[in-house]
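S.K.: This one is input.pdb, PDB, C-alpha atoms.
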```
ATOM      1  CA  MET A   1       2.062  -8.156 -23.176
ATOM      2  CA  ASP A   2       0.948  -6.804 -19.797
ATOM      3  CA  LYS A   3      -2.647  -6.313 -18.636
ATOM      4  CA  ARG A   4      -2.761  -2.797 -20.056
ATOM      5  CA  GLY A   5      -2.111  -3.974 -23.607
ATOM      6  CA  SER A   6       1.528  -2.970 -23.865
ATOM      7  CA  ALA A   7       4.635  -5.093 -24.114
ATOM      8  CA  LYS A   8       6.654  -2.330 -22.474
ATOM      9  CA  ARG A   9       7.920  -3.547 -19.092
ATOM     10  CA  PHE A  10       9.440  -0.390 -17.672
ATOM     11  CA  SER A  11       8.334   3.186 -17.172
ATOM     12  CA  THR A  12      10.466   6.263 -16.683
ATOM     13  CA  GLY A  13      10.086   9.609 -15.049
ATOM     14  CA  ALA A  14      11.925  11.880 -12.655
ATOM     15  CA  VAL A  15      12.397  12.550  -8.958
ATOM     16  CA  VAL A  16      13.956  15.091  -6.651
ATOM     17  CA  GLY A  17      16.889  13.683  -4.728
ATOM     18  CA  ASP A  18      15.596  14.513  -1.227
ATOM     19  CA  GLY A  19      12.288  12.735  -1.861
ATOM     20  CA  ARG A  20      10.160  15.870  -1.660
ATOM     21  CA  ALA A  21       7.020  16.247  -3.754
ATOM     22  CA  SER A  22       8.297  19.042  -5.952
ATOM     23  CA  PRO A  23       8.865  19.272  -9.707
ATOM     24  CA  ALA A  24      11.141  16.577 -11.108
ATOM     25  CA  SER A  25      14.757  17.443 -11.860
ATOM     26  CA  ARG A  26      16.498  14.194 -12.864
ATOM     27  CA  PRO A  27      15.532  10.857 -14.405
ATOM     28  CA  LEU A  28      13.639   8.385 -12.243
ATOM     29  CA  SER A  29      15.102   4.893 -12.441
ATOM     30  CA  PRO A  30      12.932   2.303 -14.217
ATOM     31  CA  LEU A  31      10.314   0.471 -12.149
ATOM     32  CA  PRO A  32       8.998  -2.790 -13.609
ATOM     33  CA  ASN A  33       5.420  -2.935 -14.781
ATOM     34  CA  SER A  34       3.092  -5.820 -13.956
ATOM     35  CA  TRP A  35       4.157  -9.063 -15.594
ATOM     36  CA  THR A  36       3.650 -12.812 -15.359
ATOM     37  CA  GLU A  37       6.765 -14.878 -16.040
ATOM     38  CA  PRO A  38       6.762 -18.173 -17.990
ATOM     39  CA  ASP A  39       7.606 -20.052 -14.783
ATOM     40  CA  GLY A  40       4.399 -18.772 -13.119
ATOM     41  CA  SER A  41       6.093 -16.144 -10.953
ATOM     42  CA  ALA A  42       4.638 -12.653 -11.145
ATOM     43  CA  VAL A  43       5.774  -9.056 -10.924
ATOM     44  CA  VAL A  44       3.114  -6.965  -9.185
ATOM     45  CA  ARG A  45       2.792  -3.293  -8.369
ATOM     46  CA  VAL A  46       1.560  -2.536  -4.859
ATOM     47  CA  LEU A  47       0.445   0.923  -3.742
ATOM     48  CA  SER A  48      -0.110   1.924  -0.114
ATOM     49  CA  TYR A  49      -2.096   5.147   0.326
ATOM     50  CA  ASN A  50      -3.826   6.993   3.169
ATOM     51  CA  ILE A  51      -6.747   8.698   1.396
ATOM     52  CA  ARG A  52      -8.172  10.650   4.383
ATOM     53  CA  SER A  53     -11.743   9.409   3.892
ATOM     54  CA  MET A  54     -11.775  10.953   0.399
ATOM     55  CA  ARG A  55     -12.286  14.403   1.909
ATOM     56  CA  ASP A  56      -9.921  16.079  -0.547
ATOM     57  CA  ASP A  57      -9.718  16.172  -4.363
ATOM     58  CA  THR A  58     -11.033  12.751  -5.379
ATOM     59  CA  ALA A  59     -10.312  13.349  -9.078
ATOM     60  CA  ALA A  60      -6.651  14.037  -8.254
ATOM     61  CA  LEU A  61      -6.624  10.964  -6.012
ATOM     62  CA  ALA A  62      -7.907   8.747  -8.833
ATOM     63  CA  ARG A  63      -5.359  10.204 -11.263
ATOM     64  CA  VAL A  64      -2.479   9.409  -8.906
ATOM     65  CA  ILE A  65      -3.678   5.848  -8.339
ATOM     66  CA  SER A  66      -4.265   5.235 -12.049
ATOM     67  CA  ALA A  67      -0.853   6.592 -13.039
ATOM     68  CA  CYS A  68       0.827   4.175 -10.611
ATOM     69  CA  ALA A  69      -0.866   1.245 -12.454
ATOM     70  CA  PRO A  70      -1.174  -0.897  -9.310
ATOM     71  CA  ASP A  71      -2.335  -4.500  -9.075
ATOM     72  CA  LEU A  72      -3.074  -4.006  -5.368
ATOM     73  CA  VAL A  73      -3.880  -0.856  -3.410
ATOM     74  CA  LEU A  74      -3.557  -0.945   0.362
ATOM     75  CA  VAL A  75      -5.869   1.859   1.469
ATOM     76  CA  GLN A  76      -5.970   3.576   4.845
ATOM     77  CA  GLU A  77      -8.734   5.899   6.036
ATOM     78  CA  ALA A  78     -11.270   4.645   3.531
ATOM     79  CA  PRO A  79     -14.750   6.180   3.960
ATOM     80  CA  ARG A  80     -16.495   4.647   7.011
ATOM     81  CA  PHE A  81     -19.849   6.359   7.312
ATOM     82  CA  PHE A  82     -22.947   7.078   5.223
ATOM     83  CA  ARG A  83     -22.754   5.407   1.774
ATOM     84  CA  TRP A  84     -19.131   4.445   2.347
ATOM     85  CA  ARG A  85     -19.363   1.453  -0.005
ATOM     86  CA  LYS A  86     -20.535   3.713  -2.846
ATOM     87  CA  TYR A  87     -17.683   6.184  -2.368
ATOM     88  CA  LEU A  88     -15.041   3.456  -2.241
ATOM     89  CA  ALA A  89     -16.522   1.730  -5.289
ATOM     90  CA  ARG A  90     -16.494   5.011  -7.213
ATOM     91  CA  LEU A  91     -12.813   5.525  -6.420
ATOM     92  CA  ALA A  92     -12.020   1.983  -7.514
ATOM     93  CA  ALA A  93     -13.920   2.388 -10.778
ATOM     94  CA  ALA A  94     -12.261   5.738 -11.512
ATOM     95  CA  SER A  95      -8.882   4.037 -10.985
ATOM     96  CA  ASP A  96      -9.705   1.001 -13.184
ATOM     97  CA  LEU A  97      -9.815  -1.253 -10.101
ATOM     98  CA  VAL A  98     -12.368  -3.117  -7.979
ATOM     99  CA  VAL A  99     -12.954  -3.225  -4.222
ATOM    100  CA  LEU A 100     -11.442  -6.340  -2.681
ATOM    101  CA  SER A 101     -12.155  -5.944   1.036
ATOM    102  CA  GLY A 102     -12.303  -3.582   3.995
ATOM    103  CA  GLY A 103     -13.658  -0.096   4.552
ATOM    104  CA  ALA A 104     -15.967   0.520   7.494
ATOM    105  CA  THR A 105     -15.994  -3.210   8.269
ATOM    106  CA  ALA A 106     -12.243  -3.011   8.991
ATOM    107  CA  ALA A 107     -12.434   0.417  10.718
ATOM    108  CA  GLY A 108     -10.783   2.178   7.765
ATOM    109  CA  PRO A 109      -8.218  -0.029   6.007
ATOM    110  CA  ALA A 110      -9.319  -1.409   2.635
ATOM    111  CA  LEU A 111      -7.928  -3.312  -0.350
ATOM    112  CA  LEU A 112      -8.457  -2.574  -4.031
ATOM    113  CA  CYS A 113      -7.203  -4.803  -6.841
ATOM    114  CA  SER A 114      -6.995  -5.063 -10.603
ATOM    115  CA  LEU A 115      -8.805  -7.762 -12.556
ATOM    116  CA  ARG A 116      -5.448  -9.486 -12.863
ATOM    117  CA  ALA A 117      -5.885 -10.838  -9.326
ATOM    118  CA  THR A 118      -7.642 -14.134  -8.667
ATOM    119  CA  VAL A 119      -9.218 -13.845  -5.224
ATOM    120  CA  GLU A 120      -9.246 -16.867  -2.905
ATOM    121  CA  ARG A 121     -10.668 -15.268   0.227
ATOM    122  CA  THR A 122     -10.977 -12.020   2.162
ATOM    123  CA  GLU A 123     -11.338 -11.171   5.841
ATOM    124  CA  ASP A 124     -11.849  -7.930   7.742
ATOM    125  CA  VAL A 125     -10.398  -7.959  11.245
ATOM    126  CA  LEU A 126     -11.347  -5.558  14.057
ATOM    127  CA  LEU A 127      -8.715  -5.072  16.741
ATOM    128  CA  PRO A 128      -9.455  -4.700  20.462
ATOM    129  CA  LEU A 129     -10.884  -1.286  21.291
ATOM    130  CA  THR A 130      -9.036   0.828  23.829
ATOM    131  CA  PRO A 131     -11.532   3.160  25.559
ATOM    132  CA  GLY A 132     -11.081   6.711  24.376
ATOM    133  CA  LEU A 133      -9.076   5.750  21.288
ATOM    134  CA  HIS A 134     -10.062   5.168  17.687
ATOM    135  CA  ARG A 135     -11.046   1.624  16.680
ATOM    136  CA  ARG A 136      -8.455  -0.040  14.418
ATOM    137  CA  GLY A 137      -8.543  -3.022  12.105
ATOM    138  CA  PHE A 138      -6.947  -4.920   9.226
ATOM    139  CA  ALA A 139      -8.223  -5.546   5.707
ATOM    140  CA  THR A 140      -6.818  -8.860   4.490
ATOM    141  CA  ALA A 141      -7.036 -11.147   1.473
ATOM    142  CA  VAL A 142      -5.349 -14.110  -0.189
ATOM    143  CA  VAL A 143      -4.942 -13.706  -3.939
ATOM    144  CA  ARG A 144      -3.116 -15.243  -6.889
ATOM    145  CA  PHE A 145      -1.246 -13.696  -9.798
ATOM    146  CA  GLY A 146      -0.363 -16.382 -12.282
ATOM    147  CA  ASP A 147       0.948 -19.238 -10.154
ATOM    148  CA  ALA A 148       2.040 -16.899  -7.356
ATOM    149  CA  ARG A 149      -0.109 -17.012  -4.218
ATOM    150  CA  VAL A 150       0.185 -14.212  -1.656
ATOM    151  CA  ALA A 151      -1.570 -12.838   1.424
ATOM    152  CA  VAL A 152      -2.156  -9.084   1.601
ATOM    153  CA  LEU A 153      -2.867  -6.857   4.605
ATOM    154  CA  SER A 154      -3.610  -3.134   4.913
ATOM    155  CA  CYS A 155      -3.266  -1.445   8.301
ATOM    156  CA  HIS A 156      -3.474   1.926  10.018
ATOM    157  CA  LEU A 157      -1.825   1.688  13.421
ATOM    158  CA  SER A 158      -2.622   3.652  16.555
ATOM    159  CA  LEU A 159      -1.338   7.097  17.447
ATOM    160  CA  GLN A 160      -0.727   5.828  20.994
ATOM    161  CA  LYS A 161       2.695   4.161  21.211
ATOM    162  CA  ASP A 162       1.867   1.232  23.512
ATOM    163  CA  GLU A 163      -1.303   0.346  21.638
ATOM    164  CA  ARG A 164       0.597   0.712  18.364
ATOM    165  CA  TYR A 165       3.272  -1.730  19.529
ATOM    166  CA  ALA A 166       0.639  -4.270  20.540
ATOM    167  CA  GLN A 167      -1.051  -3.861  17.160
ATOM    168  CA  GLY A 168       2.278  -4.541  15.459
ATOM    169  CA  GLY A 169       2.353  -7.914  17.180
ATOM    170  CA  MET A 170      -1.262  -8.601  16.165
ATOM    171  CA  LEU A 171      -0.339  -7.743  12.578
ATOM    172  CA  LEU A 172       2.439 -10.339  12.545
ATOM    173  CA  ASP A 173       0.127 -12.911  14.135
ATOM    174  CA  GLN A 174      -2.558 -12.187  11.546
ATOM    175  CA  LEU A 175      -0.089 -12.629   8.690
ATOM    176  CA  ALA A 176       0.997 -15.990  10.086
ATOM    177  CA  ALA A 177      -2.642 -17.063  10.417
ATOM    178  CA  LEU A 178      -3.314 -16.374   6.727
ATOM    179  CA  GLY A 179      -1.262 -19.459   5.943
ATOM    180  CA  THR A 180       0.588 -18.421   2.789
ATOM    181  CA  PRO A 181       4.332 -18.667   2.103
ATOM    182  CA  HIS A 182       4.480 -15.076   0.853
ATOM    183  CA  VAL A 183       2.957 -11.948   2.377
ATOM    184  CA  ILE A 184       2.656  -8.259   1.510
ATOM    185  CA  ALA A 185       1.641  -5.812   4.242
ATOM    186  CA  GLY A 186       1.577  -2.067   4.343
ATOM    187  CA  GLY A 187      -0.056   1.045   5.575
ATOM    188  CA  ASP A 188       0.153   4.119   7.746
ATOM    189  CA  LEU A 189       2.218   3.121  10.770
ATOM    190  CA  ASN A 190       2.028   6.513  12.505
ATOM    191  CA  GLU A 191       5.695   5.962  13.333
ATOM    192  CA  ARG A 192       9.106   6.562  11.792
ATOM    193  CA  PRO A 193      11.601   3.765  11.032
ATOM    194  CA  GLY A 194      13.428   4.372  14.316
ATOM    195  CA  GLY A 195      10.322   3.581  16.373
ATOM    196  CA  ARG A 196       9.993   0.268  18.171
ATOM    197  CA  THR A 197       6.845  -0.837  16.300
ATOM    198  CA  PHE A 198       8.401  -0.071  12.906
ATOM    199  CA  LYS A 199      11.526  -1.963  14.012
ATOM    200  CA  ARG A 200       9.381  -4.878  15.199
ATOM    201  CA  LEU A 201       7.817  -5.228  11.757
ATOM    202  CA  ALA A 202      11.090  -4.683   9.916
ATOM    203  CA  GLY A 203      12.691  -7.360  12.080
ATOM    204  CA  GLU A 204      10.292  -9.982  10.716
ATOM    205  CA  LEU A 205       9.590  -8.604   7.232
ATOM    206  CA  GLN A 206      11.467  -6.760   4.518
ATOM    207  CA  ASP A 207      11.027  -2.985   4.689
ATOM    208  CA  CYS A 208      10.786  -2.560   0.923
ATOM    209  CA  TRP A 209      12.080   1.018   0.844
ATOM    210  CA  ALA A 210      15.162   0.051   2.871
ATOM    211  CA  VAL A 211      15.827  -2.987   0.649
ATOM    212  CA  ARG A 212      15.606  -1.207  -2.720
ATOM    213  CA  PRO A 213      14.831   2.517  -2.535
ATOM    214  CA  TRP A 214      13.266   4.123  -5.584
ATOM    215  CA  GLY A 215      11.581   7.486  -6.036
ATOM    216  CA  GLY A 216      11.063   9.592  -2.941
ATOM    217  CA  GLU A 217      11.386   8.543   0.687
ATOM    218  CA  TYR A 218       9.180  10.796   2.818
ATOM    219  CA  THR A 219       5.406  10.312   2.915
ATOM    220  CA  SER A 220       4.252  13.073   5.271
ATOM    221  CA  THR A 221       3.223  15.704   4.475
ATOM    222  CA  PRO A 222       2.664  16.379   0.749
ATOM    223  CA  ALA A 223       3.309  20.101   1.307
ATOM    224  CA  ASP A 224       6.461  19.478   3.358
ATOM    225  CA  PRO A 225       7.711  15.862   3.070
ATOM    226  CA  HIS A 226       9.963  15.302   6.084
ATOM    227  CA  GLN A 227       9.156  11.886   7.578
ATOM    228  CA  ARG A 228       8.497   8.312   6.475
ATOM    229  CA  ILE A 229       5.501   6.958   8.403
ATOM    230  CA  ASP A 230       3.966   4.851   5.599
ATOM    231  CA  ALA A 231       5.570   1.645   4.357
ATOM    232  CA  VAL A 232       5.238  -1.552   2.357
ATOM    233  CA  PHE A 233       6.621  -4.783   3.830
ATOM    234  CA  ALA A 234       7.080  -8.253   2.359
ATOM    235  CA  THR A 235       8.283 -11.641   3.529
ATOM    236  CA  PRO A 236      11.897 -12.555   2.682
ATOM    237  CA  GLY A 237      10.914 -14.808  -0.235
ATOM    238  CA  VAL A 238       9.498 -11.851  -2.166
ATOM    239  CA  GLU A 239      11.999  -9.992  -4.368
ATOM    240  CA  VAL A 240      11.834  -6.217  -3.997
ATOM    241  CA  LEU A 241      12.440  -4.518  -7.365
ATOM    242  CA  GLY A 242      11.883  -0.971  -6.144
ATOM    243  CA  CYS A 243       9.856   0.973  -3.586
ATOM    244  CA  GLY A 244       9.180   4.599  -2.782
ATOM    245  CA  VAL A 245       7.031   7.666  -3.306
ATOM    246  CA  PRO A 246       6.226   7.907  -7.058
ATOM    247  CA  VAL A 247       7.338  11.522  -7.416
ATOM    248  CA  GLY A 248       8.060  12.163 -11.079
ATOM    249  CA  LEU A 249       6.350   9.049 -12.389
ATOM    250  CA  PRO A 250       4.614   9.885 -15.690
ATOM    251  CA  GLY A 251       1.060  10.997 -14.938
ATOM    252  CA  VAL A 252       1.800  11.743 -11.269
ATOM    253  CA  SER A 253       1.945  15.512 -10.905
ATOM    254  CA  ASP A 254       3.088  17.525  -7.933
ATOM    255  CA  ALA A 255      -0.261  19.332  -7.935
ATOM    256  CA  ASP A 256      -2.236  16.084  -7.760
ATOM    257  CA  LEU A 257      -0.063  14.704  -4.965
ATOM    258  CA  ARG A 258      -0.711  17.831  -2.917
ATOM    259  CA  ALA A 259      -4.437  17.922  -3.654
ATOM    260  CA  ALA A 260      -5.331  14.240  -3.301
ATOM    261  CA  THR A 261      -4.886  13.713   0.452
ATOM    262  CA  ASP A 262      -2.603  14.488   3.398
ATOM    263  CA  HIS A 263      -0.139  11.626   2.771
ATOM    264  CA  LEU A 264       2.085  10.697  -0.151
ATOM    265  CA  PRO A 265       1.648   7.164  -1.514
ATOM    266  CA  VAL A 266       4.214   4.369  -1.481
ATOM    267  CA  LEU A 267       4.579   2.329  -4.675
ATOM    268  CA  ALA A 268       6.456  -0.984  -4.767
ATOM    269  CA  ALA A 269       7.264  -3.420  -7.559
ATOM    270  CA  LEU A 270       7.638  -6.945  -6.200
ATOM    271  CA  ARG A 271       8.399 -10.304  -7.794
ATOM    272  CA  LEU A 272       6.325 -13.107  -6.258
ATOM    273  CA  PRO A 273       7.677 -16.636  -6.661
ATOM    274  CA  ALA A 274       5.407 -19.281  -8.111
ATOM    275  CA  THR A 275       3.708 -21.269  -5.369
ATOM    276  CA  PRO A 276       4.148 -25.057  -5.653
ATOM    277  CA  ALA A 277       0.913 -26.944  -6.170
ATOM    278  CA  GLU A 278      -0.403 -28.560  -3.004
TER     279      GLU A 278
END
```
Before we go any further, please render this structure as structure tokens.

M.R.:
Amino acid sequence: MDKRGSAKRFSTGAVVGDGRASPASRPLSPLPNSWTEPDGSAVVRVLSYNIRSMRDDTAALARVISACAPDLVLVQEAPRFFRWRKYLARLAAASDLVVLSGGATAAGPALLCSLRATVERTEDVLLPLTPGLHRRGFATAVVRFGDARVAVLSCHLSLQKDERYAQGGMLLDQLAALGTPHVIAGGDLNERPGGRTFKRLAGELQDCWAVRPWGGEYTSTPADPHQRIDAVFATPGVEVLGCGVPVGLPGVSDADLRAATDHLPVLAALRLPATPAE
């Protein structure tokens, strides 16, 4: 039985073939639910979502997150100003999650998690500030699901291409410094897969959509999905079971996706191997 009290391990829905956020027209292939295997390995659902500082329909935002049933949410553009902790906590509570790390202390990226996660440590990292540009950072954590230990990182990379490329290198360095055999990273890259920063990350990590596409592809914009600038990555030892925009997933409506924020979310189901005891 999974953490939501059901022994059902798959959910079904529908998706439009071009990945656009419009009414579903054909069955959506099954995506595994959260699960812990007898050998200690774990299937986890990971959602990456730019929430635009919660300036849009926060009820729709919470409904989308809840319907995706994530174990981890990699947030970008979390609230950063007055009472930001309260707003982020309210979103987490409305989505049946808790705040793990980040927010203003990471210049926008944040992590939410379900109570299924056992937290070892968290760290918010501020990146070097380029005069005239927005400050960037990483929200990071090391968590366990069953006997599977994994590092997690949420990012929102620069709009400026040279700074963005440098931040891609810092991201890889930060993942290595977390000291875990398995890593999940994701966020708003502000770049398409053909860009050099996206390629730099995909050269070291699995681009989960490219490995096992599921659902829709394009994440920007909800009104006219035409580009993939948000992604979830994982180290090679993590098995990708499916990844994409959850268009047509039960409980995820086209209206909510359009109202929640100015990006579409990316949902991935990943199998994490059990980590040998030290």

S.K.: So what do you get for CA of Met54 in chain A versus CA of Thr261 in chain A, distance-wise?

M.R.: 7.4 Å

S.K.: Using all atoms listed in the file, which of the listed residues (A:Ala67, A:Leu159, A:Ala42, A:Val240) sits closest to Phe145 in chain A?

M.R.: A:Ala42

S.K.: Apply the PyMOL selection byres ((chain A and resi 232) around 6) to the structure shown and report the selected residues as a list in words.

M.R.: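 Applied to this file, the PyMOL selection byres ((chain A and resi 232) around 6) selects Ala185, Gly186, Cys208, Ala231 and Phe233 of chain A.
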
S.K.: I'd like the interatomic distance between CA of Asp71 in chain A and CA of Pro222 in chain A, to a tenth of an Å.

M.R.: 23.6 Å

S.K.: Written as a PyMOL selection string, which residues does the PyMOL selection byres ((chain A and resi 192) around 10) give for the file shown?

M.R.: chain A and resi 189-191+193-199+218+227-231

S.K.: Take the residues just selected and output them with C-alpha atoms as an mmCIF file, keeping the file's coordinate frame.

M.R.:
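The file below, result29.cif, is the result:
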```cif
data_model
loop_
_atom_site.group_PDB
_atom_site.id
_atom_site.type_symbol
_atom_site.label_atom_id
_atom_site.label_comp_id
_atom_site.auth_asym_id
_atom_site.auth_seq_id
_atom_site.Cartn_x
_atom_site.Cartn_y
_atom_site.Cartn_z
ATOM 1 C CA LEU A 189 2.218 3.121 10.770
ATOM 2 C CA ASN A 190 2.028 6.513 12.505
ATOM 3 C CA GLU A 191 5.695 5.962 13.333
ATOM 4 C CA PRO A 193 11.601 3.765 11.032
ATOM 5 C CA GLY A 194 13.428 4.372 14.316
ATOM 6 C CA GLY A 195 10.322 3.581 16.373
ATOM 7 C CA ARG A 196 9.993 0.268 18.171
ATOM 8 C CA THR A 197 6.845 -0.837 16.300
ATOM 9 C CA PHE A 198 8.401 -0.071 12.906
ATOM 10 C CA LYS A 199 11.526 -1.963 14.012
ATOM 11 C CA TYR A 218 9.180 10.796 2.818
ATOM 12 C CA GLN A 227 9.156 11.886 7.578
ATOM 13 C CA ARG A 228 8.497 8.312 6.475
ATOM 14 C CA ILE A 229 5.501 6.958 8.403
ATOM 15 C CA ASP A 230 3.966 4.851 5.599
ATOM 16 C CA ALA A 231 5.570 1.645 4.357
#
```

S.K.: If you take all atoms listed in the file and a cut-off of 8 Å, which residues of range 132-210 of chain A touch range 117-120 of chain A, and what are their nearest atom pairs and distances in Å to one decimal, in chain and number order, as JSON lines?

M.R.:
```
{"residue": "A:Ala141", "atom": "CA", "partner": "A:Glu120", "partner_atom": "CA", "distance": 7.5}
{"residue": "A:Val142", "atom": "CA", "partner": "A:Glu120", "partner_atom": "CA", "distance": 5.5}
{"residue": "A:Val143", "atom": "CA", "partner": "A:Val119", "partner_atom": "CA", "distance": 4.5}
{"residue": "A:Arg144", "atom": "CA", "partner": "A:Thr118", "partner_atom": "CA", "distance": 5.0}
{"residue": "A:Phe145", "atom": "CA", "partner": "A:Ala117", "partner_atom": "CA", "distance": 5.5}
```

S.K.: Given the selection you just returned, output its residues as a file containing C-alpha atoms, formatted as an mmCIF file, in the frame of the given file.

M.R.:
```cif
data_model
loop_
_atom_site.group_PDB
_atom_site.id
_atom_site.type_symbol
_atom_site.label_atom_id
_atom_site.label_comp_id
_atom_site.auth_asym_id
_atom_site.auth_seq_id
_atom_site.Cartn_x
_atom_site.Cartn_y
_atom_site.Cartn_z
ATOM 1 C CA ALA A 141 -7.036 -11.147 1.473
ATOM 2 C CA VAL A 142 -5.349 -14.110 -0.189
ATOM 3 C CA VAL A 143 -4.942 -13.706 -3.939
ATOM 4 C CA ARG A 144 -3.116 -15.243 -6.889
ATOM 5 C CA PHE A 145 -1.246 -13.696 -9.798
#
```

S.K.: Hey, which of A:Arg52, A:Gly187, A:Thr58, A:Arg135 ends up closest to Leu111 in chain A? Count all atoms listed in the file.

M.R.: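 With all atoms listed in the file as the atom set, the closest residue is A:Gly187.
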
S.K.: Please reconstruct the missing atoms of range 215-222 of chain A (target: all heavy atoms) and return them as a PDB file, keeping the file's coordinate frame.

M.R.:
```pdb
ATOM      1  N   GLY A 215      12.447   6.331  -6.204  1.00  0.00           N
ATOM      2  CA  GLY A 215      11.581   7.486  -6.036  1.00  0.00           C
ATOM      3  C   GLY A 215      11.905   8.252  -4.769  1.00  0.00           C
ATOM      4  O   GLY A 215      13.054   8.319  -4.336  1.00  0.00           O
ATOM      5  N   GLY A 216      10.874   8.811  -4.151  1.00  0.00           N
ATOM      6  CA  GLY A 216      11.063   9.592  -2.941  1.00  0.00           C
ATOM      7  C   GLY A 216      10.936   8.748  -1.686  1.00  0.00           C
ATOM      8  O   GLY A 216      10.394   7.645  -1.711  1.00  0.00           O
ATOM      9  N   GLU A 217      11.421   9.276  -0.575  1.00  0.00           N
ATOM     10  CA  GLU A 217      11.386   8.543   0.687  1.00  0.00           C
ATOM     11  C   GLU A 217      10.235   8.990   1.587  1.00  0.00           C
ATOM     12  O   GLU A 217       9.503   8.158   2.111  1.00  0.00           O
ATOM     13  CB  GLU A 217      12.702   8.723   1.443  1.00  0.00           C
ATOM     14  CG  GLU A 217      12.684   8.048   2.818  1.00  0.00           C
ATOM     15  CD  GLU A 217      13.993   8.202   3.580  1.00  0.00           C
ATOM     16  OE1 GLU A 217      14.896   8.912   3.070  1.00  0.00           O
ATOM     17  OE2 GLU A 217      14.104   7.626   4.674  1.00  0.00           O
ATOM     18  N   TYR A 218      10.078  10.297   1.780  1.00  0.00           N
ATOM     19  CA  TYR A 218       9.180  10.796   2.818  1.00  0.00           C
ATOM     20  C   TYR A 218       7.726  10.816   2.353  1.00  0.00           C
ATOM     21  O   TYR A 218       7.423  11.191   1.228  1.00  0.00           O
ATOM     22  CB  TYR A 218       9.616  12.182   3.269  1.00  0.00           C
ATOM     23  CG  TYR A 218      11.028  12.222   3.806  1.00  0.00           C
ATOM     24  CD1 TYR A 218      11.935  13.166   3.348  1.00  0.00           C
ATOM     25  CD2 TYR A 218      11.450  11.294   4.757  1.00  0.00           C
ATOM     26  CE1 TYR A 218      13.238  13.197   3.837  1.00  0.00           C
ATOM     27  CE2 TYR A 218      12.746  11.313   5.241  1.00  0.00           C
ATOM     28  CZ  TYR A 218      13.643  12.274   4.778  1.00  0.00           C
ATOM     29  OH  TYR A 218      14.925  12.299   5.256  1.00  0.00           O
ATOM     30  N   THR A 219       6.827  10.436   3.251  1.00  0.00           N
ATOM     31  CA  THR A 219       5.406  10.312   2.915  1.00  0.00           C
ATOM     32  C   THR A 219       4.520  11.337   3.606  1.00  0.00           C
ATOM     33  O   THR A 219       3.334  11.423   3.295  1.00  0.00           O
ATOM     34  CB  THR A 219       4.897   8.909   3.288  1.00  0.00           C
ATOM     35  OG1 THR A 219       5.021   8.713   4.711  1.00  0.00           O
ATOM     36  CG2 THR A 219       5.680   7.821   2.567  1.00  0.00           C
ATOM     37  N   SER A 220       5.046  12.097   4.521  1.00  0.00           N
ATOM     38  CA  SER A 220       4.252  13.073   5.271  1.00  0.00           C
ATOM     39  C   SER A 220       5.091  14.324   5.480  1.00  0.00           C
ATOM     40  O   SER A 220       6.249  14.237   5.907  1.00  0.00           O
ATOM     41  CB  SER A 220       3.835  12.481   6.618  1.00  0.00           C
ATOM     42  OG  SER A 220       3.132  13.400   7.400  1.00  0.00           O
ATOM     43  N   THR A 221       4.500  15.452   5.133  1.00  0.00           N
ATOM     44  CA  THR A 221       3.223  15.704   4.475  1.00  0.00           C
ATOM     45  C   THR A 221       3.474  16.047   3.009  1.00  0.00           C
ATOM     46  O   THR A 221       4.610  16.377   2.644  1.00  0.00           O
ATOM     47  CB  THR A 221       2.500  16.905   5.130  1.00  0.00           C
ATOM     48  OG1 THR A 221       3.351  18.079   4.962  1.00  0.00           O
ATOM     49  CG2 THR A 221       2.234  16.666   6.596  1.00  0.00           C
ATOM     50  N   PRO A 222       2.434  16.019   2.146  1.00  0.00           N
ATOM     51  CA  PRO A 222       2.664  16.379   0.749  1.00  0.00           C
ATOM     52  C   PRO A 222       3.233  17.786   0.577  1.00  0.00           C
ATOM     53  O   PRO A 222       4.055  18.017  -0.310  1.00  0.00           O
ATOM     54  CB  PRO A 222       1.260  16.263   0.143  1.00  0.00           C
ATOM     55  CG  PRO A 222       0.577  15.234   0.971  1.00  0.00           C
ATOM     56  CD  PRO A 222       1.067  15.482   2.368  1.00  0.00           C
TER      57      PRO A 222
END
```
